[in-house]
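What follows is the content of query-v7.txt, which has compact mmCIF, C-alpha atoms:
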```txt
# COMPACT_ATOMS: atom_id res chain seq x y z
CA MET A 1 -8.07 11.63 -2.74
CA SER A 2 -6.06 10.47 -5.74
CA LEU A 3 -2.44 9.98 -4.80
CA LYS A 4 0.10 9.78 -7.60
CA THR A 5 3.88 9.56 -7.68
CA TYR A 6 5.31 12.69 -9.27
CA VAL A 7 8.64 13.00 -11.06
CA PHE A 8 10.01 16.50 -11.63
CA TYR A 9 12.86 16.31 -14.14
CA GLN A 10 15.22 18.53 -16.13
CA LYS A 11 15.16 18.30 -19.91
CA ALA A 12 18.82 19.07 -20.55
CA SER A 13 21.12 19.89 -17.64
CA PRO A 14 23.04 18.23 -16.06
CA PHE A 15 21.75 15.55 -18.48
CA PRO A 16 18.38 14.92 -20.16
CA GLY A 17 15.93 13.34 -17.75
CA TRP A 18 17.76 14.15 -14.48
CA ILE A 19 15.21 13.77 -11.70
CA ARG A 20 15.30 16.81 -9.43
CA PHE A 21 12.29 16.07 -7.17
CA ILE A 22 10.15 13.01 -6.48
CA GLY A 23 7.29 12.25 -4.12
CA GLN A 24 3.57 11.68 -3.83
CA THR A 25 0.75 14.14 -4.20
CA ASP A 26 -3.00 14.29 -4.46
CA ILE A 27 -3.71 15.40 -8.02
CA SER A 28 -7.44 15.79 -7.32
CA ALA A 29 -6.98 18.61 -4.79
CA ILE A 30 -8.95 21.72 -5.70
CA PRO A 31 -6.57 24.62 -6.44
CA ASP A 32 -6.68 27.26 -3.71
CA GLY A 33 -3.28 28.88 -4.09
CA SER A 34 -1.55 26.49 -1.73
CA THR A 35 -2.04 22.97 -3.11
CA PHE A 36 0.96 20.75 -3.65
CA LEU A 37 0.26 20.55 -7.37
CA GLU A 38 0.29 24.33 -7.61
CA ARG A 39 3.67 24.34 -5.89
CA LEU A 40 5.04 21.79 -8.37
CA ASN A 41 3.80 23.89 -11.28
CA ALA A 42 5.41 26.98 -9.73
CA LEU A 43 8.69 25.05 -9.59
CA LYS A 44 8.46 24.50 -13.37
CA ILE A 45 8.74 28.26 -13.71
CA LYS A 46 11.44 28.56 -11.05
CA TYR A 47 13.61 25.88 -12.69
CA PRO A 48 13.76 26.54 -16.45
CA ASP A 49 13.69 23.60 -18.85
CA SER A 50 11.97 21.33 -16.35
CA GLU A 51 8.86 19.16 -16.63
CA LEU A 52 6.48 17.25 -14.38
CA VAL A 53 5.09 13.76 -15.01
CA PHE A 54 3.00 11.38 -12.92
CA PHE A 55 3.15 7.64 -12.29
CA PRO A 56 0.86 5.32 -10.32
CA GLN A 57 1.12 5.55 -6.55
CA GLY A 58 3.87 3.32 -5.22
CA THR A 59 6.09 3.53 -8.31
CA ILE A 60 9.68 3.17 -7.13
CA VAL A 61 11.84 6.07 -8.29
CA ASP A 62 15.56 6.35 -7.47
CA PRO A 63 17.09 9.56 -8.89
CA GLU A 64 20.60 8.17 -8.30
CA ALA A 65 19.89 5.15 -10.49
CA MET A 66 17.14 6.30 -12.87
CA LYS A 67 16.25 9.09 -15.25
CA TYR A 68 13.10 10.01 -17.15
CA ASP A 69 13.14 9.17 -20.86
CA GLU A 70 10.91 11.50 -22.85
CA LEU A 71 10.96 9.24 -25.94
CA THR A 72 9.42 6.29 -24.14
CA SER A 73 7.71 8.27 -21.34
CA SER A 74 9.27 5.94 -18.82
CA LEU A 75 11.95 5.69 -16.18
CA ILE A 76 15.18 4.11 -17.44
CA PRO A 77 18.55 3.33 -15.81
CA LEU A 78 21.23 6.02 -15.79
CA GLU A 79 24.07 5.74 -18.31
CA PRO A 80 27.65 5.76 -16.94
CA THR A 81 28.02 9.25 -18.40
CA ASP A 82 24.98 10.56 -16.51
CA ILE A 83 26.50 12.28 -13.50
CA THR A 84 23.90 13.45 -10.98
CA PRO A 85 24.76 16.48 -8.79
CA GLU A 86 24.93 14.15 -5.79
CA LYS A 87 27.42 11.90 -7.58
CA GLN A 88 29.35 14.95 -8.77
CA LYS A 89 29.72 16.07 -5.15
CA LEU A 90 31.28 12.71 -4.28
CA LEU A 91 33.61 12.90 -7.29
CA ASP A 92 34.66 16.43 -6.31
CA GLU A 93 35.30 15.30 -2.76
CA THR A 94 37.37 12.38 -3.95
CA ALA A 95 39.35 14.64 -6.30
CA LYS A 96 40.14 16.89 -3.34
CA THR A 97 41.14 14.19 -0.88
CA GLN A 98 42.87 11.64 -3.13
CA PRO A 99 46.25 13.52 -3.36
CA ILE A 100 46.27 13.80 0.43
CA ILE A 101 45.60 10.07 0.74
CA ASN A 102 48.30 9.31 -1.87
CA ASN A 103 50.89 11.38 -0.01
CA MET A 104 50.02 10.11 3.43
CA PRO A 105 52.76 7.72 4.64
CA SER A 106 51.89 4.71 6.75
CA TRP A 107 52.21 5.04 10.51
CA GLU A 108 55.12 2.59 10.39
CA GLN A 109 56.96 4.97 8.02
CA VAL A 110 56.19 7.92 10.29
CA GLU A 111 57.47 6.05 13.34
CA THR A 112 60.68 5.03 11.55
CA ALA A 113 61.26 8.60 10.31
CA VAL A 114 60.91 10.01 13.83
CA ASN A 115 63.19 7.35 15.33
CA ASN A 116 65.80 8.06 12.65
CA ILE A 117 66.11 11.76 13.53
CA THR A 118 69.68 12.28 14.76
CA ASN A 119 70.33 15.94 14.08
CA LEU A 120 68.68 19.31 13.59
CA ALA A 121 68.57 19.02 9.78
CA ASP A 122 66.65 15.73 9.97
CA ALA A 123 64.31 17.23 12.57
CA LYS A 124 63.71 20.27 10.36
CA ALA A 125 62.94 18.06 7.35
CA PHE A 126 60.48 16.02 9.36
CA LEU A 127 58.78 19.09 10.80
CA LEU A 128 58.36 20.50 7.31
CA LYS A 129 56.63 17.33 6.11
CA LEU A 130 54.43 17.36 9.21
CA SER A 131 53.53 21.03 8.66
CA LEU A 132 52.71 20.39 5.01
CA MET A 133 50.31 17.59 5.94
CA ALA A 134 48.64 19.75 8.60
CA TYR A 135 48.35 22.55 6.05
CA TRP A 136 46.73 20.26 3.46
CA LEU A 137 44.30 18.87 6.00
CA ALA A 138 43.30 22.35 7.13
CA LYS A 139 42.89 23.45 3.51
CA ASN A 140 41.18 20.15 2.64
CA LYS A 141 43.15 20.17 -0.59
CA ALA A 142 46.68 19.36 -1.78
CA ASP A 143 48.61 22.12 -3.55
CA MET B 1 -35.79 -0.42 39.30
CA ALA B 2 -36.09 1.52 42.49
CA ASP B 3 -33.87 4.48 43.21
CA THR B 4 -30.47 3.31 44.34
CA LYS B 5 -28.02 5.15 46.49
CA ILE B 6 -24.36 4.66 45.52
CA SER B 7 -23.75 3.22 48.95
CA ASP B 8 -26.36 0.57 48.19
CA TYR B 9 -24.09 -1.06 45.58
CA ALA B 10 -22.30 -3.97 47.14
CA ALA B 11 -20.17 -4.61 44.06
CA LEU B 12 -19.40 -3.07 40.69
CA THR B 13 -22.61 -3.26 38.72
CA VAL B 14 -23.38 -2.27 35.19
CA PRO B 15 -26.32 0.12 35.51
CA ALA B 16 -29.07 0.61 32.96
CA ASP B 17 -29.33 4.02 31.32
CA THR B 18 -32.61 4.70 33.10
CA ASP B 19 -31.33 3.77 36.56
CA LEU B 20 -31.12 6.75 38.89
CA ILE B 21 -28.15 8.01 40.82
CA VAL B 22 -28.93 9.68 44.10
CA THR B 23 -26.24 12.11 45.08
CA ALA B 24 -27.14 12.16 48.75
CA GLN B 25 -28.05 9.49 51.21
CA GLU B 26 -31.55 10.95 51.42
CA ASP B 27 -33.84 10.32 48.49
CA VAL B 28 -34.34 13.95 47.47
CA SER B 29 -35.96 14.22 44.07
CA ASN B 30 -34.02 17.22 42.83
CA LYS B 31 -30.75 15.43 43.46
CA LYS B 32 -31.55 12.54 41.17
CA LEU B 33 -29.68 12.01 37.89
CA THR B 34 -30.11 9.23 35.35
CA TRP B 35 -27.08 7.29 34.16
CA ALA B 36 -27.96 8.33 30.61
CA ASN B 37 -27.76 12.00 31.52
CA LEU B 38 -24.52 11.47 33.38
CA ARG B 39 -23.04 9.79 30.32
CA LEU B 40 -24.09 12.67 28.09
CA GLN B 41 -22.80 15.30 30.50
CA ALA B 42 -19.51 13.63 31.27
CA PRO B 43 -18.52 11.30 28.42
CA TRP B 44 -14.90 11.45 29.50
CA MET B 45 -15.94 9.61 32.67
CA THR B 46 -18.18 7.01 31.21
CA ASN B 47 -17.24 6.50 27.54
CA TYR B 48 -14.23 4.23 27.56
CA SER B 49 -11.16 2.94 29.29
CA ARG B 50 -8.61 2.40 26.53
CA SER B 51 -6.92 -0.93 26.01
CA LYS B 52 -3.22 -1.40 25.49
CA PHE B 53 -2.59 -2.65 21.95
CA THR B 54 0.44 -4.81 21.27
CA TRP B 55 1.79 -6.11 17.97
CA VAL B 56 2.27 -9.86 18.17
CA GLY B 57 2.97 -11.00 14.63
CA THR B 58 2.23 -10.59 10.96
CA ASN B 59 -1.53 -11.09 11.40
CA THR B 60 -2.07 -10.83 15.14
CA ILE B 61 -2.35 -8.19 17.84
CA THR B 62 -3.16 -8.31 21.53
CA ILE B 63 -6.00 -6.15 22.81
CA GLY B 64 -5.38 -5.50 26.48
CA PRO B 65 -8.10 -5.22 29.12
CA GLY B 66 -10.44 -2.31 28.50
CA ALA B 67 -13.98 -1.02 28.47
CA TYR B 68 -15.84 0.91 25.78
CA TYR B 69 -19.40 2.16 25.67
CA LEU B 70 -20.93 0.76 22.50
CA TYR B 71 -23.77 2.97 21.38
CA GLY B 72 -27.01 0.99 21.26
CA LYS B 73 -25.67 -1.84 23.43
CA GLY B 74 -24.08 -0.35 26.54
CA TRP B 75 -20.83 -1.06 28.35
CA CYS B 76 -18.63 -3.69 26.78
CA TYR B 77 -15.51 -4.76 28.58
CA TRP B 78 -12.92 -7.47 29.04
CA THR B 79 -10.52 -8.03 31.90
CA SER B 80 -7.64 -9.96 30.32
CA ASN B 81 -5.61 -9.85 27.12
CA ILE B 82 -7.52 -10.79 23.99
CA THR B 83 -5.53 -12.23 21.11
CA PHE B 84 -7.10 -10.94 17.92
CA VAL B 85 -6.19 -12.58 14.62
CA LEU B 86 -6.91 -10.39 11.60
CA GLY B 87 -8.45 -11.62 8.34
CA SER B 88 -11.57 -13.58 7.47
CA GLY B 89 -9.87 -16.77 8.62
CA GLY B 90 -9.00 -15.23 11.97
CA SER B 91 -11.01 -14.26 15.02
CA ASN B 92 -14.00 -12.93 13.08
CA ALA B 93 -15.14 -14.29 9.71
CA GLY B 94 -16.51 -10.85 8.84
CA SER B 95 -13.04 -9.30 8.90
CA SER B 96 -11.36 -8.10 5.73
CA ASN B 97 -8.50 -10.20 4.43
CA LEU B 98 -5.18 -8.45 4.82
CA THR B 99 -4.26 -6.39 1.78
CA ALA B 100 -0.94 -4.87 0.81
CA SER B 101 0.18 -1.49 2.14
CA GLU B 102 -3.19 -0.52 3.58
CA TRP B 103 -4.58 0.53 6.91
CA HIS B 104 -6.85 -1.96 8.63
CA ILE B 105 -9.23 -0.53 11.16
CA ILE B 106 -9.92 -2.53 14.34
CA ALA B 107 -13.42 -2.07 15.77
CA ILE B 108 -15.94 -3.63 18.13
CA ASP B 109 -18.28 -5.55 15.84
CA TYR B 110 -21.77 -4.31 16.79
CA SER B 111 -23.56 -7.14 15.02
CA SER B 112 -21.64 -9.77 16.98
CA VAL B 113 -22.36 -8.22 20.40
CA SER B 114 -25.60 -9.59 21.80
CA ALA B 115 -25.69 -7.29 24.82
CA ALA B 116 -23.54 -5.18 27.06
CA GLY B 117 -21.04 -7.21 29.00
CA VAL B 118 -17.85 -9.17 28.53
CA LEU B 119 -16.42 -9.42 24.99
CA ILE B 120 -14.31 -12.12 23.37
CA ALA B 121 -12.02 -12.10 20.32
CA ALA B 122 -14.92 -12.79 17.94
CA ASN B 123 -16.51 -9.49 18.99
CA PHE B 124 -13.76 -7.52 17.26
CA ILE B 125 -13.37 -6.99 13.53
CA ASN B 126 -10.74 -5.61 11.17
CA ARG B 127 -11.82 -3.77 8.05
CA ALA B 128 -9.63 -2.58 5.18
CA ALA B 129 -9.58 1.21 5.03
CA SER B 130 -10.77 1.15 1.43
CA THR B 131 -14.05 -0.48 2.53
CA VAL B 132 -15.05 1.81 5.41
CA THR B 133 -15.27 5.47 6.37
CA PRO B 134 -14.42 5.70 10.05
CA ALA B 135 -15.27 9.09 11.53
CA TYR B 136 -15.80 10.71 14.90
CA ASN B 137 -19.47 10.71 15.89
CA GLY B 138 -20.31 13.18 18.62
CA ALA B 139 -23.73 11.71 19.36
CA LYS B 140 -22.27 8.23 19.84
CA GLY B 141 -19.20 9.52 21.63
CA GLY B 142 -16.42 7.91 19.62
CA VAL B 143 -15.11 6.96 16.20
CA TYR B 144 -17.57 4.68 14.39
CA GLN B 145 -17.66 2.88 11.04
CA ASP B 146 -20.05 0.50 9.30
CA THR B 147 -22.77 2.49 11.11
CA ASP B 148 -22.42 1.04 14.60
CA ASP B 149 -18.96 -0.55 14.89
CA ARG B 150 -16.88 1.39 17.41
CA VAL B 151 -13.32 1.93 16.20
CA ILE B 152 -10.62 1.34 18.79
CA PHE B 153 -7.33 0.96 16.86
CA ALA B 154 -5.67 0.60 13.45
CA VAL B 155 -2.74 -1.30 11.98
CA LYS B 156 -0.84 -0.85 8.71
CA THR B 157 0.20 -3.67 6.42
CA ASP B 158 3.39 -3.83 4.40
CA ALA B 159 3.83 -4.68 0.72
CA SER B 160 3.57 -8.37 1.63
CA SER B 161 0.15 -7.87 3.30
CA GLN B 162 1.61 -8.44 6.74
CA VAL B 163 0.78 -6.32 9.77
CA MET B 164 3.67 -3.98 10.47
CA GLU B 165 5.01 -3.70 13.98
CA SER B 166 4.02 -0.61 15.94
CA TRP B 167 4.56 0.61 19.48
CA GLN B 168 1.83 2.29 21.51
CA ILE B 169 2.66 4.96 24.08
CA GLY B 170 -0.64 6.17 25.55
CA ASP B 171 -2.51 7.83 22.70
CA LEU B 172 0.61 7.88 20.49
CA VAL B 173 1.36 4.96 18.17
CA LEU B 174 4.88 4.84 16.75
CA ASN B 175 5.45 3.11 13.43
CA SER B 176 8.33 0.66 13.14
CA ALA B 177 9.18 2.11 9.70
CA VAL B 178 8.98 5.71 8.56
CA THR B 179 6.79 6.92 5.73
CA ILE B 180 8.14 9.70 3.54
CA ASP B 181 5.34 12.27 3.54
CA MET B 182 7.35 14.79 1.52
CA ASN B 183 10.66 14.12 -0.18
CA SER B 184 13.17 16.99 -0.43
CA LEU B 185 10.92 19.52 -2.11
CA ASP B 186 11.93 23.11 -2.74
CA ILE B 187 9.39 25.15 -0.76
CA ASP B 188 9.48 28.94 -0.76
CA THR B 189 7.49 31.64 1.01
CA THR B 190 3.98 30.50 0.07
CA TYR B 191 2.34 27.99 2.40
CA THR B 192 2.06 24.67 0.56
CA ASP B 193 -0.32 21.81 1.35
CA VAL B 194 1.35 18.57 2.34
CA THR B 195 -0.80 15.43 2.59
CA LEU B 196 0.37 12.93 5.18
CA PRO B 197 -0.21 9.43 3.77
CA SER B 198 1.31 8.08 6.98
CA LEU B 199 -1.95 8.62 8.91
CA PRO B 200 -4.88 6.18 9.25
CA PRO B 201 -8.17 7.41 7.76
CA PHE B 202 -9.83 8.68 10.96
CA CYS B 203 -6.68 10.36 12.24
CA THR B 204 -6.05 14.12 12.36
CA LYS B 205 -2.95 14.11 14.53
CA GLY B 206 0.44 12.99 13.27
CA PHE B 207 3.94 12.68 14.72
CA GLU B 208 6.28 14.07 12.09
CA VAL B 209 9.97 14.61 11.49
CA ILE B 210 10.28 17.88 9.57
CA GLN B 211 13.73 18.40 8.13
CA LEU B 212 15.04 21.55 6.45
CA ASN B 213 18.04 21.12 4.14
CA TYR B 214 20.37 23.94 3.16
CA VAL B 215 20.95 24.08 -0.59
CA HIS B 216 21.60 27.76 -1.17
CA GLY B 217 20.88 30.43 1.43
CA SER B 218 19.59 30.54 4.99
CA ALA B 219 15.91 29.82 5.69
CA ASN B 220 13.44 28.95 8.44
CA THR B 221 10.53 26.53 8.17
CA TYR B 222 7.04 27.06 9.58
CA TRP B 223 3.92 24.88 9.64
CA ARG B 224 0.22 25.30 10.37
CA VAL B 225 -3.07 23.40 10.00
CA ASN B 226 -4.42 23.47 6.44
CA GLY B 227 -6.73 26.41 5.92
CA SER B 228 -5.47 28.34 8.93
CA THR B 229 -4.67 32.01 8.48
CA ALA B 230 -2.26 32.06 11.42
CA GLY B 231 1.38 32.91 10.91
CA GLY B 232 2.37 29.38 11.79
CA LEU B 233 4.85 27.73 14.13
CA TRP B 234 8.61 27.77 13.59
CA VAL B 235 10.10 24.31 13.34
CA ALA B 236 13.63 24.52 11.86
CA GLY B 237 16.28 26.85 10.52
CA VAL B 238 19.48 26.41 8.48
CA SER B 239 22.48 28.48 7.43
CA SER B 240 25.78 27.86 5.65
CA SER B 241 27.31 26.77 8.96
CA ALA B 242 24.38 24.55 10.02
CA THR B 243 23.13 22.94 6.85
CA ARG B 244 20.46 20.62 8.19
CA GLN B 245 17.97 20.76 11.02
CA ALA B 246 15.25 18.28 11.84
CA ALA B 247 12.58 18.48 14.50
CA THR B 248 10.10 15.80 15.55
CA ILE B 249 6.78 17.35 16.46
CA PRO B 250 3.09 16.51 16.79
CA VAL B 251 1.03 18.10 14.04
CA ARG B 252 -2.70 18.64 13.67
CA THR B 253 -4.13 18.08 10.18
CA ASP B 254 -7.49 18.83 8.63
CA ALA B 255 -9.89 15.96 7.88
CA ASN B 256 -7.98 15.23 4.65
CA HIS B 257 -4.65 14.74 6.45
CA ILE B 258 -3.24 18.02 5.16
CA ILE B 259 -0.95 20.50 6.89
CA GLU B 260 0.75 23.52 5.34
CA VAL B 261 4.48 24.27 5.40
CA LYS B 262 6.57 27.14 4.11
CA ASN B 263 10.00 28.72 4.38
CA ASP B 264 10.57 32.36 5.18
CA THR B 265 13.04 32.79 2.30
CA ALA B 266 12.70 32.04 -1.41
CA ASN B 267 15.78 30.02 -2.34
CA SER B 268 16.60 26.41 -3.23
CA ASP B 269 16.42 24.99 0.29
CA THR B 270 14.32 21.84 0.55
CA ILE B 271 12.01 20.29 3.13
CA THR B 272 11.63 16.59 3.84
CA MET B 273 8.93 15.16 6.09
CA TYR B 274 8.79 11.69 7.60
CA GLY B 275 5.72 10.23 9.28
CA VAL B 276 6.90 8.35 12.36
CA GLY B 277 3.66 7.98 14.28
CA TRP B 278 0.03 8.92 14.78
CA TYR B 279 -2.29 9.71 17.63
CA LEU B 280 -5.49 7.90 18.59
CA GLU B 281 -8.39 10.28 18.13
CA GLU B 282 -10.55 11.63 20.92
CA GLY B 283 -12.87 8.86 22.02
CA MET B 284 -10.44 6.07 21.09
```

Just dump the structure as structure tokens.
Amino acid sequence: MSLKTYVFYQKASPFPGWIRFIGQTDISAIPDGSTFLERLNALKIKYPDSELVFFPQGTIVDPEAMKYDELTSSLIPLEPTDITPEKQKLLDETAKTQPIINNMPSWEQVETAVNNITNLADAKAFLLKLSLMAYWLAKNKAD
Amino acid sequence: MADTKISDYAALTVPADTDLIVTAQEDVSNKKLTWANLRLQAPWMTNYSRSKFTWVGTNTITIGPGAYYLYGKGWCYWTSNITFVLGSGGSNAGSSNLTASEWHIIAIDYSSVSAAGVLIAANFINRAASTVTPAYNGAKGGVYQDTDDRVIFAVKTDASSQVMESWQIGDLVLNSAVTIDMNSLDIDTTYTDVTLPSLPPFCTKGFEVIQLNYVHGSANTYWRVNGSTAGGLWVAGVSSSATRQAATIPVRTDANHIIEVKNDTANSDTITMYGVGWYLEEGM
């Protein structure tokens, strides 16, 4: 058995060298239609513009901090402009929730507003704000 | 030795292979059976009584009371905890020094055992997996390495060459840290070999977490022993409303630690597998 660390990367999108899959495999396995290496090669066809490289067993690879550099044939740190899909998900989530967070009053403000209700108009205004917040939370997005 | 009726034994005695058992009080010749034949016919009765193995520290384990039949010597046993220190500077100078991230196989050291009987710490040996080929031997009735050393346990070292903690539950040994046997790989409808580096060399039974992750589209995951032509066993399923499912199951591998996994749908869903334990082989 000859275990190697494999790095399966994309050449262009979302950025050159983005690591899609990592792991270990036995590169000496005799092809029989089901070996791991055959699966990795099939994935090169399934995901266009991708490539497969090997490193010694035990090489530490972190796709959220590293990318593969074809010029030097090595793993290098991500640039600030290299946004992995995982990081993009977090950014999208933040973009969705930040307006809600920004518009959310403190509990002290909520308590004061409720205590200050003295007539139907005030109550209606408060209920509207409350409904808007419930609507945003249900939609998971501010209008 | 003359024929001996079981009722003649006043105390527990270690018989010789050629001693005769008489199955009735009368000495009837066709009811005689040698201990050797009994051992061959019923190895599960006479082959071993497994010890309890306990992690003590970075180079030490405790081998609880037990008894193993050592081929060529006879019954070897001990009746109290034995503290075994690994490495050539430990309990046995013939042991391998601890190496980084490697299995070390614990065995009864044939060359150190003068005869059947009570063993001490110096009668055990640890050998780095890279230096031995432990394998089940049907004729000897157990897992053996270095020709005649009977394998009884194994420990894994970490990157600092220290024995990692593990917890034994009968024939199951749980690791104190998981090993990633497969890391989020897109598997489709063709069975794919997955090697389980989390298993010790002699082992063909693993305890695995198999996790299916929804990326795009519903799917179900199946597994089977490498080389099998069976349809396989369902282990997990995901959909847009249940995007991750993990199951912890015992798996049987081939001799090269390989199982096969597949999904029933070709999409981008991925499978991750964690090795969390291993099973002592038959005869251990």

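For the set A:Asp62, A:Asp143, A:Asp49, A:Glu70, the residue with the smallest atom-to-atom gap to chain B is A:Asp62, counting all atoms listed in the file.
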
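With all atoms listed in the file as the atoms that count, the minimum distance from Asp32 of chain A to the choices B:Ser160, B:Asn226, B:Gln245, B:Ser239 is reached by B:Asn226.
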
Can you list every residue of chain A that has an atom at most 9 Å from chain B, with its nearest atom pair and the distance in Å to one decimal, using all atoms listed in the file, ordered by chain then number, as JSON lines?
```
{"residue": "A:Met1", "atom": "CA", "partner": "B:Asn256", "partner_atom": "CA", "distance": 8.2}
{"residue": "A:Leu3", "atom": "CA", "partner": "B:Pro197", "partner_atom": "CA", "distance": 8.9}
{"residue": "A:Arg20", "atom": "CA", "partner": "B:Leu185", "partner_atom": "CA", "distance": 9.0}
{"residue": "A:Phe21", "atom": "CA", "partner": "B:Leu185", "partner_atom": "CA", "distance": 6.3}
{"residue": "A:Ile22", "atom": "CA", "partner": "B:Asn183", "partner_atom": "CA", "distance": 6.4}
{"residue": "A:Gly23", "atom": "CA", "partner": "B:Asn183", "partner_atom": "CA", "distance": 5.5}
{"residue": "A:Gln24", "atom": "CA", "partner": "B:Met182", "partner_atom": "CA", "distance": 7.3}
{"residue": "A:Thr25", "atom": "CA", "partner": "B:Thr195", "partner_atom": "CA", "distance": 7.1}
{"residue": "A:Asp26", "atom": "CA", "partner": "B:Thr195", "partner_atom": "CA", "distance": 7.5}
{"residue": "A:Gly33", "atom": "CA", "partner": "B:Thr192", "partner_atom": "CA", "distance": 8.2}
{"residue": "A:Ser34", "atom": "CA", "partner": "B:Thr192", "partner_atom": "CA", "distance": 4.6}
{"residue": "A:Thr35", "atom": "CA", "partner": "B:Asp193", "partner_atom": "CA", "distance": 4.9}
{"residue": "A:Phe36", "atom": "CA", "partner": "B:Asp193", "partner_atom": "CA", "distance": 5.3}
{"residue": "A:Leu37", "atom": "CA", "partner": "B:Asp193", "partner_atom": "CA", "distance": 8.8}
{"residue": "A:Glu38", "atom": "CA", "partner": "B:Thr192", "partner_atom": "CA", "distance": 8.4}
{"residue": "A:Arg39", "atom": "CA", "partner": "B:Thr192", "partner_atom": "CA", "distance": 6.7}
{"residue": "A:Leu40", "atom": "CA", "partner": "B:Leu185", "partner_atom": "CA", "distance": 8.9}
{"residue": "A:Leu43", "atom": "CA", "partner": "B:Asp186", "partner_atom": "CA", "distance": 7.8}
```

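The spacing separating atom CA of Leu70 of chain B from atom CA of Asp146 of chain B amounts to 13.2 Å.
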
To one decimal place in Å, what is the distance between atom CA of Leu119 of chain B and atom CA of Ile61 of chain B? 15.8 Å

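You will find atom CA of Ser91 of chain B at 22.0 Å from atom CA of Trp167 of chain B.
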
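Distances from B:Thr99, B:Ile271, B:Gly283, B:Phe207 to Thr248 of chain B were compared using only C-alpha atoms, and the smallest one belongs to B:Phe207.
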
Residues within 8 Å of Phe54 of chain A, all atoms listed in the file, excluding chain neighbours under 5 positions, as a PyMOL selection string: chain A and resi 4-7

Just the residues within 10 Å of segment 122-132 of chain A, please, counting all atoms listed in the file, with nothing from its chain fewer than 6 positions along; format it as an MDAnalysis selection string. chainID A and resid 110 113:114 116 138 142:143

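Each of A:Pro63, A:Pro48, A:Pro56, A:Pro31 was checked against Lys87 of chain A using only C-alpha atoms; the smallest atom-to-atom distance is that of A:Pro63.
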
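With distances restricted to only C-alpha atoms, A:Met133 is the closest residue to Asn102 of chain A from A:Met133, A:Ile45, A:Ile30, A:Val61.
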
Let me make sure I understand: among B:Ser198, B:Ser114, B:Thr131, B:Gly138, which one has the smallest atom-to-atom distance to Ser95 of chain B if we use all atoms listed in the file? B:Thr131

Could you pull the residues within 12 Å of Thr147 of chain B, counting all atoms listed in the file, minus those fewer than 2 positions along the same chain, as a JSON list (two decimals) with C-alpha atoms, keeping the file's coordinate frame?
```json
[["chain", "number", "residue", "atom", "x", "y", "z"],
["B", 70, "LEU", "CA", -20.93, 0.76, 22.50],
["B", 71, "TYR", "CA", -23.77, 2.97, 21.38],
["B", 72, "GLY", "CA", -27.01, 0.99, 21.26],
["B", 107, "ALA", "CA", -13.42, -2.07, 15.77],
["B", 108, "ILE", "CA", -15.94, -3.63, 18.13],
["B", 109, "ASP", "CA", -18.28, -5.55, 15.84],
["B", 110, "TYR", "CA", -21.77, -4.31, 16.79],
["B", 111, "SER", "CA", -23.56, -7.14, 15.02],
["B", 132, "VAL", "CA", -15.05, 1.81, 5.41],
["B", 133, "THR", "CA", -15.27, 5.47, 6.37],
["B", 134, "PRO", "CA", -14.42, 5.70, 10.05],
["B", 135, "ALA", "CA", -15.27, 9.09, 11.53],
["B", 136, "TYR", "CA", -15.80, 10.71, 14.90],
["B", 137, "ASN", "CA", -19.47, 10.71, 15.89],
["B", 140, "LYS", "CA", -22.27, 8.23, 19.84],
["B", 142, "GLY", "CA", -16.42, 7.91, 19.62],
["B", 143, "VAL", "CA", -15.11, 6.96, 16.20],
["B", 144, "TYR", "CA", -17.57, 4.68, 14.39],
["B", 145, "GLN", "CA", -17.66, 2.88, 11.04],
["B", 149, "ASP", "CA", -18.96, -0.55, 14.89],
["B", 150, "ARG", "CA", -16.88, 1.39, 17.41],
["B", 151, "VAL", "CA", -13.32, 1.93, 16.20]]
```

Filled-in N, CA and C atoms of segment 67-74 of chain A, supplied as a short mmCIF file (atom, residue, chain, number, x, y, z; two decimals), in the frame of the given file:
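Final output, saved to part_0.cif:
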```cif
data_model
loop_
_atom_site.label_atom_id
_atom_site.label_comp_id
_atom_site.auth_asym_id
_atom_site.auth_seq_id
_atom_site.Cartn_x
_atom_site.Cartn_y
_atom_site.Cartn_z
N LYS A 67 16.57 7.79 -14.67
CA LYS A 67 16.25 9.09 -15.25
C LYS A 67 14.95 8.94 -16.05
N TYR A 68 14.34 10.07 -16.38
CA TYR A 68 13.10 10.01 -17.15
C TYR A 68 13.44 10.11 -18.63
N ASP A 69 12.91 9.20 -19.42
CA ASP A 69 13.14 9.17 -20.86
C ASP A 69 11.91 9.71 -21.59
N GLU A 70 12.06 10.87 -22.20
CA GLU A 70 10.91 11.50 -22.85
C GLU A 70 10.43 10.70 -24.06
N LEU A 71 11.35 10.00 -24.74
CA LEU A 71 10.96 9.24 -25.94
C LEU A 71 9.99 8.11 -25.60
N THR A 72 10.26 7.44 -24.51
CA THR A 72 9.42 6.29 -24.14
C THR A 72 8.46 6.63 -22.99
N SER A 73 8.54 7.86 -22.48
CA SER A 73 7.71 8.27 -21.34
C SER A 73 7.83 7.31 -20.17
N SER A 74 9.07 6.90 -19.91
CA SER A 74 9.27 5.94 -18.82
C SER A 74 10.56 6.25 -18.07
#
```
